[in-house]
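A.B. asks: Have a peek at target-v1.tsv (TSV, C-alpha atoms).
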```
chain	number	residue	atom	x	y	z
A	9	MET	CA	166.54	175.39	131.46
A	10	ALA	CA	167.99	173.43	134.37
A	11	ASN	CA	170.07	176.47	135.44
A	12	ILE	CA	167.03	178.71	135.88
A	13	ARG	CA	166.28	179.46	139.51
A	14	ALA	CA	163.11	181.45	139.81
A	15	ILE	CA	160.21	182.53	141.90
A	16	VAL	CA	157.16	182.40	139.60
A	17	VAL	CA	154.20	184.55	140.54
A	18	SER	CA	151.26	182.99	138.74
A	19	LYS	CA	148.68	185.67	139.48
A	20	LYS	CA	148.75	189.31	140.54
A	21	VAL	CA	146.31	190.76	143.01
A	22	ASN	CA	144.66	193.75	141.39
A	23	ALA	CA	142.87	195.17	144.43
A	24	LEU	CA	144.76	197.93	146.20
A	25	THR	CA	143.76	196.59	149.61
A	26	VAL	CA	142.85	192.99	150.41
A	27	GLY	CA	141.62	191.79	153.79
A	28	ARG	CA	140.49	193.87	156.69
A	29	PRO	CA	142.25	195.75	159.50
A	30	GLY	CA	142.95	193.72	162.59
A	31	PRO	CA	145.62	192.70	165.04
A	32	GLN	CA	147.83	191.57	162.14
A	33	GLY	CA	147.56	194.84	160.19
A	34	PRO	CA	145.36	196.17	157.40
A	35	GLY	CA	146.12	193.36	154.85
A	36	LEU	CA	147.91	193.86	151.48
A	37	LYS	CA	148.81	196.90	149.42
A	38	GLU	CA	150.43	197.06	146.03
A	39	TYR	CA	152.55	199.69	144.35
A	40	ALA	CA	154.07	200.17	140.93
A	41	ASN	CA	157.51	199.09	142.16
A	42	LEU	CA	159.65	198.79	145.27
A	43	ALA	CA	160.76	202.42	145.01
A	44	ALA	CA	157.14	203.52	145.31
A	45	PHE	CA	156.69	201.82	148.69
A	46	PRO	CA	156.22	204.19	151.67
A	47	ALA	CA	159.45	205.27	153.35
A	48	THR	CA	158.19	203.67	156.55
A	49	GLY	CA	156.01	200.61	156.33
A	50	LEU	CA	153.54	199.03	158.71
A	51	ALA	CA	154.20	195.80	160.55
A	52	GLY	CA	151.84	193.01	159.55
A	53	LEU	CA	151.06	194.58	156.14
A	54	ILE	CA	152.00	192.79	152.92
A	55	TYR	CA	153.42	194.94	150.10
A	56	LEU	CA	153.32	193.89	146.42
A	57	ALA	CA	155.61	195.36	143.73
A	58	GLN	CA	153.62	195.27	140.47
A	59	ASP	CA	156.64	195.39	138.18
A	60	THR	CA	158.19	192.20	139.59
A	61	GLY	CA	155.25	190.52	141.27
A	62	LEU	CA	157.33	190.16	144.47
A	63	ILE	CA	155.84	190.58	147.92
A	64	TYR	CA	157.52	192.22	150.92
A	65	ARG	CA	157.10	192.78	154.66
A	66	TRP	CA	158.21	195.79	156.73
A	67	THR	CA	160.91	194.68	159.17
A	68	GLY	CA	160.93	197.89	161.18
A	69	SER	CA	163.93	199.22	159.35
A	70	GLY	CA	163.30	198.24	155.74
A	71	TYR	CA	161.42	196.00	153.32
A	72	SER	CA	162.29	192.30	153.11
A	73	ALA	CA	161.13	190.03	150.29
A	74	VAL	CA	158.90	187.24	151.51
A	75	GLY	CA	160.60	183.88	150.94
A	76	GLY	CA	164.11	185.26	150.65
A	77	ALA	CA	166.03	187.95	148.83
A	78	ALA	CA	164.31	190.04	146.18
A	79	TYR	CA	165.23	188.95	142.66
A	80	ALA	CA	165.20	191.09	139.56
A	81	ALA	CA	162.65	190.09	136.92
A	82	ALA	CA	163.98	188.07	133.97
A	83	THR	CA	163.90	189.91	130.65
A	84	GLN	CA	162.46	188.50	127.42
A	85	PRO	CA	165.92	188.10	125.81
A	86	GLU	CA	167.08	186.18	128.89
A	87	ALA	CA	163.98	183.97	128.74
A	88	GLU	CA	164.37	183.24	125.01
A	89	ALA	CA	168.12	182.62	125.32
A	90	GLY	CA	167.71	180.42	128.40
A	91	THR	CA	170.39	182.38	130.27
A	92	GLU	CA	170.36	184.74	133.22
A	93	ALA	CA	172.78	187.17	134.84
A	94	GLY	CA	172.34	186.07	138.42
A	95	LEU	CA	169.10	185.05	140.09
A	96	ARG	CA	165.89	186.19	138.40
A	97	SER	CA	162.18	186.01	139.07
A	98	TRP	CA	160.20	184.47	136.20
A	99	SER	CA	156.64	185.48	135.40
A	100	PRO	CA	154.33	183.05	133.53
A	101	LEU	CA	154.90	185.10	130.35
A	102	ARG	CA	158.67	184.68	130.62
A	103	VAL	CA	158.28	180.93	131.15
A	104	PHE	CA	156.10	180.72	128.01
A	105	GLN	CA	158.60	182.77	126.01
A	106	ALA	CA	161.42	180.47	127.10
A	107	ALA	CA	159.45	177.36	126.12
A	108	ALA	CA	158.44	178.85	122.74
A	109	ALA	CA	162.05	179.77	121.98
A	110	LYS	CA	163.19	176.26	122.87
A	111	VAL	CA	160.62	174.65	120.56
A	112	ALA	CA	161.49	177.04	117.71
A	113	SER	CA	165.16	176.11	118.05
A	114	MET	CA	164.28	172.46	117.46
A	115	PHE	CA	162.82	172.90	113.94
A	116	GLY	CA	164.94	171.29	111.25
A	117	THR	CA	165.43	168.46	108.77
A	118	THR	CA	167.80	166.20	110.67
A	119	ALA	CA	167.36	163.52	113.30
A	120	GLY	CA	166.26	164.88	116.66
A	121	THR	CA	164.57	167.96	115.15
A	122	ILE	CA	160.92	168.84	114.59
A	123	CYS	CA	159.28	169.05	111.14
A	124	GLN	CA	157.17	172.18	110.69
A	125	GLY	CA	153.66	172.02	109.23
A	126	ASN	CA	154.65	173.94	106.08
A	127	ASP	CA	157.76	171.86	105.43
A	128	ALA	CA	158.16	171.45	101.64
A	129	ARG	CA	158.82	167.74	102.08
A	130	LEU	CA	155.20	167.26	103.11
A	131	SER	CA	153.91	168.41	99.72
A	132	ASP	CA	151.70	166.02	97.69
A	133	ALA	CA	154.11	166.40	94.76
A	134	ARG	CA	156.73	164.14	96.34
A	135	PRO	CA	157.75	161.30	93.99
A	136	PRO	CA	157.64	157.91	95.73
A	137	THR	CA	160.90	156.17	96.39
A	138	ALA	CA	161.57	152.80	94.79
A	139	HIS	CA	159.47	150.07	96.36
A	140	THR	CA	157.64	146.88	95.42
A	141	HIS	CA	154.06	145.63	95.62
A	142	GLY	CA	154.58	141.94	95.01
A	143	GLY	CA	154.67	141.57	91.23
A	144	ILE	CA	153.32	145.09	90.55
A	145	SER	CA	155.84	147.72	89.45
A	146	ASN	CA	155.94	151.32	90.68
A	147	ASP	CA	153.96	152.43	87.61
A	148	GLY	CA	151.27	149.75	88.07
A	149	LYS	CA	152.50	147.12	85.60
A	150	VAL	CA	152.42	143.35	86.07
A	151	GLY	CA	155.03	141.88	83.77
A	152	SER	CA	155.57	143.36	80.31
A	153	THR	CA	152.99	141.53	78.13
A	154	ALA	CA	149.60	143.09	77.40
A	155	GLY	CA	146.29	141.21	77.37
A	156	LEU	CA	147.09	138.53	79.95
A	157	PRO	CA	144.87	137.54	82.87
A	158	LEU	CA	146.06	138.00	86.44
A	159	LYS	CA	146.46	135.36	89.10
A	160	THR	CA	148.08	135.02	92.50
A	161	GLY	CA	151.38	133.23	92.83
A	162	THR	CA	153.75	132.51	95.70
A	163	ALA	CA	152.48	133.86	99.02
A	164	GLY	CA	149.51	135.41	97.20
A	165	ALA	CA	151.56	137.87	95.12
A	166	VAL	CA	149.82	139.11	91.95
A	167	GLU	CA	151.39	137.89	88.72
A	168	ALA	CA	150.49	137.42	85.04
A	169	GLY	CA	148.63	134.25	84.10
A	170	ALA	CA	148.17	132.58	80.73
A	171	PHE	CA	145.36	131.44	78.44
A	172	GLY	CA	145.25	127.80	77.47
A	173	THR	CA	143.61	124.41	77.87
A	174	ALA	CA	145.69	123.00	80.72
A	175	ALA	CA	145.15	123.17	84.46
A	176	GLY	CA	146.15	126.52	85.93
A	177	THR	CA	145.39	128.45	82.72
A	178	PHE	CA	142.45	130.64	81.73
A	179	CYS	CA	139.82	129.87	79.09
A	180	GLU	CA	139.27	132.75	76.64
A	181	GLY	CA	135.77	133.94	75.82
A	182	ASN	CA	135.97	132.74	72.21
A	183	ASP	CA	137.35	129.31	73.09
A	184	SER	CA	135.73	126.76	70.75
A	185	ARG	CA	135.07	124.50	73.72
A	186	VAL	CA	132.45	126.90	75.06
A	187	ALA	CA	130.69	127.58	71.73
A	188	GLY	CA	126.95	127.00	71.43
A	189	ALA	CA	127.28	123.67	69.61
A	190	LEU	CA	128.63	121.58	72.45
A	191	PRO	CA	128.65	117.84	71.79
A	192	ALA	CA	126.85	115.92	74.51
A	193	THR	CA	128.84	113.45	76.53
A	194	GLY	CA	127.64	110.75	78.88
A	195	GLY	CA	126.28	111.91	82.20
A	196	THR	CA	123.19	112.66	84.23
A	197	ILE	CA	121.22	115.92	84.37
A	198	ASN	CA	119.36	116.38	87.64
A	199	ASN	CA	116.38	118.68	88.27
A	200	TYR	CA	116.16	119.58	84.59
A	201	ARG	CA	113.73	122.41	83.81
A	202	GLU	CA	112.70	124.13	80.57
A	203	MET	CA	112.04	127.83	80.16
A	204	VAL	CA	108.38	128.69	79.54
A	205	VAL	CA	107.57	131.59	77.20
A	206	THR	CA	104.25	133.31	77.93
A	207	VAL	CA	103.18	134.65	74.54
A	208	GLY	CA	99.81	136.18	75.39
A	209	ASN	CA	97.91	136.35	72.08
A	210	PHE	CA	99.59	134.60	69.16
A	211	GLY	CA	97.99	136.99	66.68
A	212	SER	CA	97.86	136.25	62.97
A	213	ALA	CA	101.58	135.39	62.82
A	214	TYR	CA	104.16	134.29	65.36
A	215	THR	CA	107.88	133.47	65.07
A	216	ILE	CA	109.16	130.74	67.36
A	217	ASP	CA	112.46	131.79	68.96
A	218	LEU	CA	114.14	128.96	70.85
A	219	SER	CA	116.60	131.37	72.47
A	220	LEU	CA	113.68	132.53	74.65
A	221	GLY	CA	112.67	129.09	75.90
A	222	SER	CA	111.38	125.70	74.87
A	223	GLU	CA	107.70	125.86	75.82
A	224	PHE	CA	105.34	128.48	74.36
A	225	HIS	CA	101.95	129.26	75.93
A	226	GLY	CA	99.42	131.58	74.33
A	227	THR	CA	95.89	132.22	73.07
A	228	LEU	CA	94.75	131.84	69.46
A	229	ASP	CA	92.90	135.11	68.98
A	230	GLN	CA	92.81	135.17	65.15
A	231	THR	CA	91.14	132.79	62.71
A	232	THR	CA	94.53	131.49	61.61
A	233	CYS	CA	98.00	131.98	63.10
A	234	ALA	CA	100.90	131.45	60.70
A	235	LEU	CA	103.85	130.04	62.65
A	236	THR	CA	107.42	130.70	61.49
A	237	MET	CA	109.58	127.77	62.52
A	238	PRO	CA	113.07	128.08	64.04
A	239	ALA	CA	116.21	127.43	62.03
A	240	ALA	CA	117.33	123.82	61.84
A	241	PRO	CA	119.69	122.73	64.63
A	242	ALA	CA	123.35	122.28	63.79
A	243	ALA	CA	124.50	119.01	62.29
A	244	GLY	CA	124.69	116.22	64.82
A	245	LEU	CA	122.26	117.92	67.19
A	246	SER	CA	118.57	117.46	67.87
A	247	ALA	CA	116.00	119.96	69.09
A	248	SER	CA	112.42	119.94	70.32
A	249	PHE	CA	109.89	122.27	71.91
A	250	VAL	CA	106.26	122.37	73.06
A	251	MET	CA	103.40	124.57	71.83
A	252	VAL	CA	100.37	125.08	74.12
A	253	PHE	CA	97.38	126.73	72.38
A	254	THR	CA	94.26	128.02	74.11
A	255	GLN	CA	91.24	128.72	71.90
A	256	GLY	CA	90.22	132.34	72.01
A	257	SER	CA	86.76	133.87	72.06
A	258	GLY	CA	84.34	132.09	69.74
A	259	GLY	CA	86.73	129.18	69.14
A	260	GLY	CA	87.39	127.71	65.71
A	261	LYS	CA	90.93	129.06	65.39
A	262	GLY	CA	93.73	127.17	63.66
A	263	ILE	CA	97.44	127.25	62.83
A	264	THR	CA	99.68	126.87	59.80
A	265	ALA	CA	103.43	126.23	59.74
A	266	SER	CA	105.25	126.51	56.43
A	267	GLY	CA	107.60	123.57	55.83
A	268	ALA	CA	106.44	121.72	58.94
A	269	LEU	CA	104.97	118.20	58.90
A	270	GLY	CA	102.38	116.30	60.88
A	271	PRO	CA	102.93	113.04	62.76
A	272	ASP	CA	102.46	111.02	59.57
A	273	LEU	CA	105.24	113.12	57.99
A	274	THR	CA	102.81	114.88	55.65
A	275	SER	CA	101.77	118.51	55.61
A	276	ALA	CA	98.65	117.72	57.66
A	277	LEU	CA	99.24	119.12	61.15
A	278	PRO	CA	97.51	117.60	64.20
A	279	SER	CA	94.02	118.90	64.86
A	280	LEU	CA	93.29	121.34	67.67
A	281	ASN	CA	90.39	121.46	70.09
A	282	THR	CA	88.39	124.30	68.55
A	283	THR	CA	86.08	124.98	71.50
A	284	ALA	CA	86.59	128.39	73.07
A	285	GLY	CA	88.75	128.19	76.18
A	286	LYS	CA	89.98	124.66	75.46
A	287	VAL	CA	93.69	123.81	75.39
A	288	THR	CA	95.75	121.76	72.93
A	289	GLU	CA	99.39	120.81	73.52
A	290	LEU	CA	101.63	119.86	70.59
A	291	VAL	CA	105.17	118.51	70.76
A	292	VAL	CA	107.48	119.61	67.95
A	293	ARG	CA	110.77	117.88	67.06
A	294	TYR	CA	113.24	118.34	64.23
A	295	ASN	CA	113.40	115.36	61.88
A	296	ARG	CA	116.89	115.16	60.42
A	297	THR	CA	115.84	112.70	57.70
A	298	LYS	CA	113.02	114.92	56.45
A	299	SER	CA	114.90	118.14	57.23
A	300	ALA	CA	111.70	119.48	58.71
A	301	TRP	CA	110.01	120.23	62.01
A	302	VAL	CA	107.38	117.63	62.85
A	303	PHE	CA	104.28	118.32	65.00
A	304	TYR	CA	103.10	115.47	67.22
A	305	ALA	CA	99.73	115.41	68.95
A	306	GLY	CA	100.01	115.91	72.67
A	307	ALA	CA	97.43	116.36	75.39
A	308	LYS	CA	94.29	118.36	74.71
A	309	ASP	CA	91.03	119.12	76.46
A	310	ALA	CA	88.14	116.79	75.71
```
Would you mind writing the file's structure down as structure tokens?

C.D. replies:
Amino acid sequence: MANIRAIVVSKKVNALTVGRPGPQGPGLKEYANLAAFPATGLAGLIYLAQDTGLIYRWTGSGYSAVGGAAYAAATQPEAEAGTEAGLRSWSPLRVFQAAAAKVASMFGTTAGTICQGNDARLSDARPPTAHTHGGISNDGKVGSTAGLPLKTGTAGAVEAGAFGTAAGTFCEGNDSRVAGALPATGGTINNYREMVVTVGNFGSAYTIDLSLGSEFHGTLDQTTCALTMPAAPAAGLSASFVMVFTQGSGGGKGITASGALGPDLTSALPSLNTTAGKVTELVVRYNRTKSAWVFYAGAKDA
């Protein structure tokens, strides 16, 4: 639009007369167009042509456009085409129409053009072009073998790992090296603690479950509590646990343990303190030679 030479009137004055009479004349008057102006004007009065927005003064013999010659108003086709046949005056509407036409002409799909908001290429259904994500393929695969663990390789790129027993490999969940029957090797265990199982009342029968812990505390609330002993530990392993009995109301309660032995390796179990509220602690170990659990007398209340 560099060739457009225009006088732009940004706002029309709607009042028929503006100002007040005085030495300079009555002010400003407006008419539908230049042809509607009075045949003889008044000196000092400003005349406005509504169709073009141009203002004039009376020279004594005719009307002269203020600021230079009077220019015809630009038409909408001229504004949209960006051309003019001679000098034109441009209203704000014509300037907007020219700018809108220029922007519309720039829509397209090539370099230097503008992409419209409803361009089909902006649809979510666009397939991605070929690209890489480290070791991950376009369809989300890492390598071609199923069931492998993932690790990071060069520069942190994701790649398939391997299961095995060497450094840099992964140990599978069913690896025999992490089975329950682990052989002990030399070493030191610091801050060793055993899990205590709070039984509450032992009742008339109680099954000792070493998966819950290795020290069982409870109250003997029945005349006799029949203890069911744990399964024997695996070959080559030893096991032990502690039983802590508190005499219930009235005292005089006892225990039995089928297949278990006392400290003299007979069926006679250690005696308990039978006074109500008193505590007896027994240590139980598995004797591999006798293939039986053996109760040993521990601490007990006097």

A.B. asks: Nearest to Thr232 (chain A) among A:Lys159, A:Arg65, A:Arg201, A:Lys261, with distances taken over all atoms listed in the file: which residue is it?

C.D. replies: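 Smallest distance to Thr232 (chain A) is found for A:Lys261.
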
A.B. asks: Taking all atoms listed in the file into account, name the residue in A:Thr264, A:Thr288, A:Gln124, A:Asn41 that is nearest to Met251 (chain A).

C.D. replies: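 The closest residue to Met251 (chain A) is A:Thr288.
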
A.B. asks: Name all residues at most 7 Å from Val252 (chain A) (count all atoms listed in the file; drop same-chain ones fewer than 4 positions away) and give them as a ChimeraX atom specification.

C.D. replies: /A:224-226,287-290

A.B. asks: Mind giving me the straight-line distance from CA of Leu156 (chain A) to CA of Ala168 (chain A) in Å, one decimal?

C.D. replies: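 Straight-line distance from CA of Leu156 (chain A) to CA of Ala168 (chain A) works out to 6.2 Å.
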
A.B. asks: Counting only C-alpha atoms, which residues come within 12 Å of (164.8, 196.3, 158.2), with the point read in the file's coordinates, and could you list them as a ChimeraX atom specification?

C.D. replies: /A:47-51,64-73

A.B. asks: Grab all the atoms of region 233-247 of chain A that the file lists, wrap them in a box along x, y and z, add 3 Å per side, and give me centre plus edge lengths in Å (one decimal) as AutoDock Vina command-line options.

C.D. replies:
```
--center_x 111.3 --center_y 124.1 --center_z 64.9 --size_x 32.7 --size_y 21.8 --size_z 14.4
```

A.B. asks: I'd like the contact shell of Thr283 (chain A) - 7 Å cut-off, only C-alpha atoms, skipping same-chain residues fewer than 3 positions apart - returned as number ranges by chain.

C.D. replies: A: 255, 259-260, 286

A.B. asks: Could you take the residues named above and write them with C-alpha atoms, as a short mmCIF file (atom, residue, chain, number, x, y, z; two decimals), in the coordinates of the input?

C.D. replies:
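again_26.cif, freshly written:
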```
data_model
loop_
_atom_site.label_atom_id
_atom_site.label_comp_id
_atom_site.auth_asym_id
_atom_site.auth_seq_id
_atom_site.Cartn_x
_atom_site.Cartn_y
_atom_site.Cartn_z
CA GLN A 255 91.24 128.72 71.90
CA GLY A 259 86.73 129.18 69.14
CA GLY A 260 87.39 127.71 65.71
CA LYS A 286 89.98 124.66 75.46
#
```

A.B. asks: So that I can check the surroundings of Val111 (chain A), please list as a list in words every protein, DNA and RNA residue that reaches within 12 Å of it, counting only C-alpha atoms and ignoring chain neighbours fewer than 3 positions away.

C.D. replies: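 Contacts, in chain order: Glu88, Ala89, Phe104, Gln105, Ala106, Ala107, Ala108, Met114, Phe115, Gly116, Gly120, Thr121, Ile122, Cys123 and Gln124 of chain A.
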
A.B. asks: Rounded to one decimal place, report the CA of Asp309 (chain A)-CA of Ala213 (chain A) distance in Å.

C.D. replies: 23.7 Å

A.B. asks: Could you jot down the CA of Asp217 (chain A) to CA of Lys308 (chain A) separation for me, Å, one decimal place?

C.D. replies: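 Pair CA of Asp217 (chain A) / CA of Lys308 (chain A) returns 23.3 Å.
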
A.B. asks: Considering only C-alpha atoms, can you say which of A:Gly211, A:Ala243, A:Val205, A:Val250 comes closest to Ser299 (chain A)?

C.D. replies: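 Selected residue with least distance to Ser299 (chain A): A:Ala243.
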
A.B. asks: Show which residues sit within 10 Å of Leu277 (chain A), as number ranges by chain. Count all atoms listed in the file, and ignore same-chain residues fewer than 2 positions away.

C.D. replies: A: 263-265, 268-275, 279-280, 290, 302-305
